[in-house]
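Enquirer: If you scroll down you'll find the structure; I have some questions about it.
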Amino acid sequence: RDAEAGDAQAPRQDREGGHHAHQHHHHQHAHPHRSQTWSSDCWKCGEHLARANFFCPGCDVIQKPVQPKKEEPAIDFFGLFGLPINYEVDKSKLERLFWNLQKKLHPDRYNNKTEQEQEFSAEHSSKINEAYQTLKHPISRAIYMLEQRGIDALSEGGQTETDPEILMQAMEDREELDECNALPELEAMQARIEAELAEREAIVAAAFAQDDMKAATRATVNLKYTHKLLEEIKEKRSNL
């Protein structure tokens with residue numbers, strides 16, 4: 001099934017066969033946040049919720065978005081979609097899960113509900129969109145995974161010591177780009193850089209798979225440089 005996260009968190013009437021929410025608690029990643037200490041009661045019916053869900057398993061009413069405390073881990077974007085934390089993401093599956101959740105949580109669906117439910121819907125929908133945009137792109141996904149491990153050197157305003165080898169390669173690539181003034185040259189360079197981009201994305205994936213954060217950081221910096229260079233090549237082609 002493609003919609004694991006949505007199935008586990010959707011109102012009863014949206015699921016196949018009308019199964020109740022509590023019958024789906026066996027889904028390991030079916031809750032939007034991973035805080036093991038989280039517990040609360042449904043604001044509507046009072047049923048105890050052992051963990052954060054989008055909907056109450058008892059009355060199916062949308063729940064208040066969880067705001068992690070400072071000492072708790074930040075919201076897990078992978079967990080929002082019922083996915084394990086893994087750099088390699090099935091983008092088609094991610095997109096299906098995203099739309100599945102948005103259909104159930106989008107504010108348009110709550111026009112006739114209470115103001116409180118409308119606010120909860122808007123917050124959930126916004127966070128799901130942020131998570132999707134972050135995980136959809138290889139660079140933002142890598143940066144997010146590093147930040148979750150306390151490495152924020154790649155975020156806006158962050159500081160990092162860039163590998164001299166990466167800087168040297170970037171300078172050489174830009175010199176080559178400056179000298180490319182004909183379409184065939186730019187097309188050839190673009191093909192080469194696109195191949196390098198795929199290779200460097202694979203290196204990032206391997207580093208995360210090996211839980212080597214130092215290598216993952218270096219590879220992500222390299223991936224960012226390569227992606228930026230590719231965009232500059234495309235821009236120069238469009239201006240010819």
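Labels used: A, B, ... for chains in the order of the structure tokens, numbers from 1 for residues in each chain, and numbers from 1 for ligands as shown.
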Could you write out, as a PyMOL selection string, all the residues of range 40-230 of chain A that DSSP marks as alpha helix (DSSP H)?

Expert: chain A and resi 77-80+91-105+115-136+138-148+164-179+183-209+213-230

Enquirer: Using only C-alpha atoms, which protein or nucleic acid residues come within 10 Å of Thr134 in chain A? Drop anything in the same chain fewer than 3 positions from it, and give the result as a ChimeraX atom specification.

Expert: /A:77-78,128-131,137-145

Enquirer: Now that the selection is made, can you save its residues with C-alpha atoms as an mmCIF file, in the first residue's frame?

Expert:
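part33.cif, freshly written:
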```
data_model
loop_
_atom_site.group_PDB
_atom_site.id
_atom_site.type_symbol
_atom_site.label_atom_id
_atom_site.label_comp_id
_atom_site.auth_asym_id
_atom_site.auth_seq_id
_atom_site.Cartn_x
_atom_site.Cartn_y
_atom_site.Cartn_z
ATOM 1 C CA PHE A 77 9.919 15.067 8.938
ATOM 2 C CA PHE A 78 10.368 11.426 7.945
ATOM 3 C CA ILE A 128 3.567 18.694 6.115
ATOM 4 C CA ASN A 129 4.331 20.985 3.181
ATOM 5 C CA GLU A 130 7.587 22.121 4.824
ATOM 6 C CA ALA A 131 8.568 18.505 5.475
ATOM 7 C CA HIS A 137 15.289 17.704 -2.697
ATOM 8 C CA PRO A 138 18.604 15.837 -2.167
ATOM 9 C CA ILE A 139 20.514 18.839 -0.788
ATOM 10 C CA SER A 140 17.870 20.117 1.648
ATOM 11 C CA ARG A 141 17.281 16.498 2.756
ATOM 12 C CA ALA A 142 20.990 16.063 3.514
ATOM 13 C CA ILE A 143 21.198 19.402 5.334
ATOM 14 C CA TYR A 144 18.107 18.505 7.378
ATOM 15 C CA MET A 145 19.554 15.116 8.348
#
```

Enquirer: Of the residues A:Arg149, A:His106, A:Arg174, A:His124, which is the one nearest to Lys236 in chain A, using only C-alpha atoms?

Expert: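 The shortest atom-to-atom distance to Lys236 in chain A comes from A:Arg174.
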
Enquirer: Could you name the residues that touch Thr220 in chain A at 12 Å or less, counting only C-alpha atoms, but leaving out those on the same chain fewer than 5 positions away, as a count of residues only?

Expert: 36

Enquirer: Suppose you want the space between CA of Leu240 in chain A and CA of Ala182 in chain A; what is it in Å?

Expert: 7.9 Å

Enquirer: Using only C-alpha atoms, which of A:Glu235, A:Leu135, A:Asn111, A:Glu176 sits nearest Ile85 in chain A?

Expert: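 Among the listed residues, A:Leu135 lies closest to Ile85 in chain A.
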
Enquirer: Quote the spacing between CA of Pro107 in chain A and CA of Ser125 in chain A in Å to one decimal place.

Expert: 7.3 Å

Enquirer: As a PDB file with N, CA, C and O atoms, in the first residue's frame, please: the residues near Asp173 in chain A (cut-off 10 Å, only C-alpha atoms, same-chain neighbours under 6 positions excluded).

Expert:
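Final file, out_24.pdb:
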```pdb
ATOM      1  N   LEU A 167      37.186  23.493  -2.854  1.00  0.00           N
ATOM      2  CA  LEU A 167      37.315  24.881  -3.305  1.00  0.00           C
ATOM      3  C   LEU A 167      38.121  24.981  -4.595  1.00  0.00           C
ATOM      4  O   LEU A 167      37.758  25.732  -5.511  1.00  0.00           O
ATOM      5  N   GLU A 179      35.056  30.220 -19.831  1.00  0.00           N
ATOM      6  CA  GLU A 179      35.646  30.061 -21.168  1.00  0.00           C
ATOM      7  C   GLU A 179      34.687  29.414 -22.152  1.00  0.00           C
ATOM      8  O   GLU A 179      34.970  29.369 -23.356  1.00  0.00           O
ATOM      9  N   MET A 189      29.638  20.470 -21.079  1.00  0.00           N
ATOM     10  CA  MET A 189      29.944  20.697 -19.668  1.00  0.00           C
ATOM     11  C   MET A 189      28.743  20.346 -18.796  1.00  0.00           C
ATOM     12  O   MET A 189      28.892  19.740 -17.726  1.00  0.00           O
ATOM     13  N   ILE A 193      28.679  17.686 -15.686  1.00  0.00           N
ATOM     14  CA  ILE A 193      28.334  18.106 -14.331  1.00  0.00           C
ATOM     15  C   ILE A 193      27.095  17.360 -13.823  1.00  0.00           C
ATOM     16  O   ILE A 193      27.000  17.011 -12.642  1.00  0.00           O
ATOM     17  N   THR A 226      28.294  21.537  -6.642  1.00  0.00           N
ATOM     18  CA  THR A 226      28.016  20.958  -7.958  1.00  0.00           C
ATOM     19  C   THR A 226      26.654  21.401  -8.474  1.00  0.00           C
ATOM     20  O   THR A 226      26.493  21.745  -9.654  1.00  0.00           O
ATOM     21  N   LEU A 229      26.808  25.026  -9.553  1.00  0.00           N
ATOM     22  CA  LEU A 229      27.502  25.130 -10.838  1.00  0.00           C
ATOM     23  C   LEU A 229      26.574  24.751 -11.985  1.00  0.00           C
ATOM     24  O   LEU A 229      26.543  25.423 -13.026  1.00  0.00           O
TER      25      LEU A 229
END
```

Enquirer: So which one's closest to Glu147 in chain A, A:Ala216, A:Ala50, A:Val66, A:Ala198? Using only C-alpha atoms, please.

Expert: A:Ala216
